[in-house]
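Working notes, beginning with the structure itself.
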Amino acid sequence: MKVARLGGDEFGLLISTAALGRDVVEFCEDVSQRVGQPVRIGDAAVSPGCSCGVAMSGEADRDAGGLFDHADRALYFSKEHRRGTVTLYAKEHDELIQVERALEAALQAAAWPAEFDLHYQPIVDLASNTVVLVEGLARWTSPRLGPVPPSRFVPVAERCGLIHGLTLLLLDKALTDIRELPPEIGLSFNLSSHDLTSSDAVSEIIAAIRRSGVAPGRLTFELTETALLADLDAASRSISLLRSLGVRVALDDFGTGYSSLGYVHRLGLDKIKIDRSFVANVDTPIGEGIVKTILHLCENLGLECIAEGVETAEQRASLQAFGCRLIQGDLIGKPVPMRQLSAETGAAAPSPPAAVADAAQAA
């Protein structure tokens, strides 16, 4: 067996199945499990992840380049669709990669301002039964591919280095749209790990907020645990900068990742969002226990807590009984364009900011 580092955190193994004496996929699964064992660094426990792609030499006609390409495609499939598992190369993986490449080409050629937009989903305070926040959710309608969900185009944008431009475009749109709602209604907006770990991107985000005239206190940036752990030090610096401006920060999908109390306390977060998977099972003993635990955590740390993915009246009643005040989901309202949301809330569009009015008068 030969092992080589291919670059970054990627390694290649050249294995002789005859010498190995066991099934190669089982062997790679064993390697993956061993690499994934928690490692203690000081007071913290780090849980590495390991995804594997396997190709057999017969499938590539013993051509080294073909063998490598097939293993790489299998690895890509594991990372994108079954993270943390071992994938044995199959012809279908070529077809999936072709689809991904078509998506990448369409994204790079897209007329961004025309093709990208946002829909907004309300977040309601159960105590007053009023909308207190709206979350801006990216939408892409490609003339070549039709509607493409964020779960597909955001990872591609990150991989291609396009995410910063896309974030700024959508943030500018969101900051314009939010002026159609009363000032007591805030805006929640998602940032990727690439935005959070780039000082230039954070500076441009802050500049966009200042340029918009929207009060920073109306804004909440949602971050995932994956985004935070990509570079915890950089994330901490970025969060400090944003919060010093008056912006609030929420941890999205809480409970689905590492959920370390250490970084929740260290990063100075303002809100935690309970993942929809826990809300969906809130009527079960385990689901109820998890939701109550998160609510107690937020209460002890002085954080606001938002339950997302609320779809039934029973879920709403349970959450309210447990003391959850802020909820979001299709039961409350599905994501819609700002014009529709503004009409539903009965909000009239206010006058444009002074800087915009002055510019229009000068023109």
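Each chain in the structure tokens gets a letter, A, B, ..., in the order shown, and its residues are numbered from 1; ligands are numbered from 1 in order too.
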
Nearby residues (only C-alpha atoms) at most 10 Å from Thr167 of chain A, same-chain spacing under 6 positions excluded, as a list in words
Ala138, Val154, Ala157, Lys173, Phe189, Asn190, Leu191, Ser192, Asp195, Ala201 and Ile205 of chain A

Please identify which residues in segment 67-309 of chain A DSSP calls strand (DSSP E) from the backbone, and express them as a PyMOL selection string.
chain A and resi 86-88+116-125+130-142+146-148+186-190+219-224+248-254+271-274+304-307

As number ranges by chain, which residues of segment 223-290 of chain A does DSSP assign to alpha helix (DSSP H)?
A: 225-230, 232-245, 261-266, 276-280, 285-290

Which residues of segment 242-344 of chain A sit at most 10 Å from segment 214-217 of chain A, using only C-alpha atoms? Give each one's shortest atom pair and distance in Å (one decimal place), in chain and ascending residue order, as CSV.
```
residue,atom,partner,partner_atom,distance
A:Leu242,CA,A:Pro216,CA,9.0
A:Arg243,CA,A:Pro216,CA,9.1
A:Ser244,CA,A:Pro216,CA,9.8
A:Leu245,CA,A:Pro216,CA,6.6
A:Gly246,CA,A:Gly217,CA,5.2
A:Val247,CA,A:Pro216,CA,5.0
A:Arg248,CA,A:Gly217,CA,7.0
```

Can you pull out every residue within 9 Å of segment 130-135 of chain A, counting only C-alpha atoms, but drop anything in the same chain fewer than 5 positions away, and send it as an MDAnalysis selection string?
chainID A and resid 119:125 178 184:190 218:220 326 335 345

Near Asp9 of chain A, counting only C-alpha atoms, which residues have an atom at most 12 Å away, once you skip same-chain residues fewer than 5 positions from it, shown as a VMD selection string?
chain A and resid 4 48 to 51

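Of the listed residues (A:Ser198, A:Ile332, A:Arg152, A:Arg83), A:Arg152 comes nearest to Ala102 of chain A; the distances count only C-alpha atoms.
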
Tell me which protein, DNA and RNA residues are within 9 Å of Ser236 of chain A, counting only C-alpha atoms, leaving out same-chain ones fewer than 6 positions away, and put them as a PDB file with N, CA, C and O atoms, in the first residue's frame.
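For reference, part24.pdb as written:
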```
ATOM      1  N   LEU A 196     -17.811  34.667   5.943  1.00  0.00           N
ATOM      2  CA  LEU A 196     -17.444  34.898   7.336  1.00  0.00           C
ATOM      3  C   LEU A 196     -15.940  34.873   7.558  1.00  0.00           C
ATOM      4  O   LEU A 196     -15.418  35.540   8.448  1.00  0.00           O
ATOM      5  N   LEU A 228     -19.052  28.457  11.129  1.00  0.00           N
ATOM      6  CA  LEU A 228     -18.245  28.889  12.266  1.00  0.00           C
ATOM      7  C   LEU A 228     -16.975  28.063  12.395  1.00  0.00           C
ATOM      8  O   LEU A 228     -15.893  28.589  12.648  1.00  0.00           O
ATOM      9  N   ARG A 266     -18.242  31.712  23.456  1.00  0.00           N
ATOM     10  CA  ARG A 266     -17.069  32.481  23.031  1.00  0.00           C
ATOM     11  C   ARG A 266     -17.405  33.496  21.946  1.00  0.00           C
ATOM     12  O   ARG A 266     -16.854  34.602  21.925  1.00  0.00           O
ATOM     13  N   LEU A 267     -18.323  33.161  21.040  1.00  0.00           N
ATOM     14  CA  LEU A 267     -18.580  34.010  19.884  1.00  0.00           C
ATOM     15  C   LEU A 267     -19.567  35.135  20.167  1.00  0.00           C
ATOM     16  O   LEU A 267     -19.784  35.993  19.320  1.00  0.00           O
ATOM     17  N   GLY A 268     -20.178  35.133  21.332  1.00  0.00           N
ATOM     18  CA  GLY A 268     -21.080  36.233  21.656  1.00  0.00           C
ATOM     19  C   GLY A 268     -22.288  36.286  20.737  1.00  0.00           C
ATOM     20  O   GLY A 268     -22.634  37.342  20.218  1.00  0.00           O
TER      21      GLY A 268
END
```

Considering only C-alpha atoms, return as a CSV table (one decimal) with all heavy atoms, in the first residue's frame whatever protein or nucleic-acid residues lie within 9 Å of Lys273 of chain A, sequence-local ones (same chain, fewer than 2 positions apart) excluded.
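The new file part19.csv reads:
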```csv
chain,number,residue,atom,x,y,z
A,222,GLU,N,-27.5,35.1,9.9
A,222,GLU,CA,-27.6,33.7,10.3
A,222,GLU,C,-26.4,33.0,9.8
A,222,GLU,O,-26.0,33.1,8.6
A,222,GLU,CB,-28.9,33.1,9.7
A,222,GLU,CG,-30.2,33.6,10.3
A,222,GLU,CD,-31.4,32.8,9.9
A,222,GLU,OE1,-31.2,31.7,9.5
A,222,GLU,OE2,-32.5,33.3,10.1
A,250,ALA,N,-27.2,35.2,14.6
A,250,ALA,CA,-27.9,34.0,15.0
A,250,ALA,C,-27.2,32.7,14.5
A,250,ALA,O,-26.6,32.7,13.5
A,250,ALA,CB,-29.3,34.0,14.4
A,251,LEU,N,-27.2,31.7,15.3
A,251,LEU,CA,-26.7,30.4,15.0
A,251,LEU,C,-27.8,29.5,14.4
A,251,LEU,O,-28.8,29.2,15.1
A,251,LEU,CB,-26.0,29.7,16.2
A,251,LEU,CG,-25.4,28.3,15.9
A,251,LEU,CD1,-24.3,28.4,14.8
A,251,LEU,CD2,-24.8,27.8,17.2
A,252,ASP,N,-27.7,29.2,13.1
A,252,ASP,CA,-28.8,28.5,12.4
A,252,ASP,C,-28.6,27.0,12.6
A,252,ASP,O,-27.5,26.5,12.8
A,252,ASP,CB,-28.7,28.8,10.9
A,252,ASP,CG,-30.0,28.5,10.2
A,252,ASP,OD1,-31.0,28.1,10.9
A,252,ASP,OD2,-30.0,28.5,9.0
A,253,ASP,N,-29.7,26.2,12.4
A,253,ASP,CA,-29.6,24.7,12.4
A,253,ASP,C,-29.0,24.2,13.7
A,253,ASP,O,-28.2,23.2,13.6
A,253,ASP,CB,-28.9,24.2,11.2
A,253,ASP,CG,-29.6,24.7,9.9
A,253,ASP,OD1,-30.8,24.9,9.9
A,253,ASP,OD2,-28.9,24.7,8.9
A,254,PHE,N,-29.2,24.8,14.8
A,254,PHE,CA,-28.5,24.4,16.1
A,254,PHE,C,-28.9,22.9,16.4
A,254,PHE,O,-30.1,22.6,16.4
A,254,PHE,CB,-28.9,25.3,17.2
A,254,PHE,CG,-28.1,25.0,18.5
A,254,PHE,CD1,-26.8,25.4,18.6
A,254,PHE,CD2,-28.7,24.3,19.5
A,254,PHE,CE1,-26.1,25.1,19.8
A,254,PHE,CE2,-28.0,24.0,20.7
A,254,PHE,CZ,-26.7,24.4,20.8
A,271,LYS,N,-28.7,34.9,19.0
A,271,LYS,CA,-29.9,34.1,18.8
A,271,LYS,C,-29.5,32.7,18.5
A,271,LYS,O,-28.4,32.5,17.9
A,271,LYS,CB,-30.8,34.6,17.7
A,271,LYS,CG,-31.2,36.1,17.9
A,271,LYS,CD,-32.0,36.6,16.7
A,271,LYS,CE,-32.3,38.1,16.8
A,271,LYS,NZ,-33.1,38.6,15.7
A,275,ASP,N,-33.3,23.6,14.9
A,275,ASP,CA,-33.4,23.0,13.5
A,275,ASP,C,-34.8,22.4,13.3
A,275,ASP,O,-35.4,21.8,14.3
A,275,ASP,CB,-32.3,22.0,13.3
A,275,ASP,CG,-32.3,21.4,11.9
A,275,ASP,OD1,-32.0,22.1,11.0
A,275,ASP,OD2,-32.7,20.2,11.8
A,276,ARG,N,-35.3,22.4,12.1
A,276,ARG,CA,-36.6,21.9,11.8
A,276,ARG,C,-36.7,20.4,12.1
A,276,ARG,O,-37.8,19.9,12.3
A,276,ARG,CB,-36.9,22.2,10.3
A,276,ARG,CG,-36.0,21.6,9.3
A,276,ARG,CD,-36.4,21.9,7.9
A,276,ARG,NE,-36.3,23.4,7.7
A,276,ARG,CZ,-37.3,24.2,7.4
A,276,ARG,NH1,-38.6,23.6,7.4
A,276,ARG,NH2,-37.2,25.5,7.3
A,304,GLU,N,-32.0,34.8,22.4
A,304,GLU,CA,-33.3,34.6,21.8
A,304,GLU,C,-33.3,33.2,21.1
A,304,GLU,O,-32.3,32.8,20.6
A,304,GLU,CB,-33.7,35.7,20.8
A,304,GLU,CG,-34.0,37.0,21.4
A,304,GLU,CD,-34.5,38.0,20.4
A,304,GLU,OE1,-34.3,37.7,19.2
A,304,GLU,OE2,-35.0,39.1,20.8
A,305,CYS,N,-34.4,32.6,21.1
A,305,CYS,CA,-34.5,31.3,20.5
A,305,CYS,C,-35.7,31.3,19.5
A,305,CYS,O,-36.8,31.7,19.8
A,305,CYS,CB,-34.8,30.2,21.6
A,305,CYS,SG,-34.7,28.5,20.9
A,306,ILE,N,-35.4,30.8,18.3
A,306,ILE,CA,-36.4,30.7,17.2
A,306,ILE,C,-36.5,29.3,16.8
A,306,ILE,O,-35.5,28.6,16.5
A,306,ILE,CB,-35.9,31.6,16.0
A,306,ILE,CG1,-35.7,33.0,16.4
A,306,ILE,CG2,-36.9,31.5,14.9
A,306,ILE,CD1,-35.0,33.9,15.3
A,307,ALA,N,-37.7,28.8,16.7
A,307,ALA,CA,-38.0,27.4,16.2
A,307,ALA,C,-38.4,27.5,14.8
A,307,ALA,O,-39.4,28.2,14.4
A,307,ALA,CB,-39.1,26.8,17.0
A,308,GLU,N,-37.7,26.9,13.9
A,308,GLU,CA,-38.0,26.9,12.5
A,308,GLU,C,-38.6,25.6,12.0
A,308,GLU,O,-38.5,24.6,12.6
A,308,GLU,CB,-36.7,27.3,11.6
A,308,GLU,CG,-35.6,26.3,11.8
A,308,GLU,CD,-34.4,26.7,10.9
A,308,GLU,OE1,-34.5,27.7,10.2
A,308,GLU,OE2,-33.4,26.0,11.1
```

Pick out the closest residue to Ala343 of chain A from this set: A:Leu162, A:Leu168, A:Leu181, A:Leu295. Count only C-alpha atoms.
A:Leu181

One decimal, in Å: what's the spacing between atom CA of Ala106 of chain A and atom CA of Cys160 of chain A?
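Those two atoms sit 12.0 Å apart.
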
For Ile239 of chain A, which of A:Arg22, A:Arg144, A:Leu269, A:Asp63 is the closest residue, counting only C-alpha atoms?
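Closest residue, counting only C-alpha atoms: A:Leu269.
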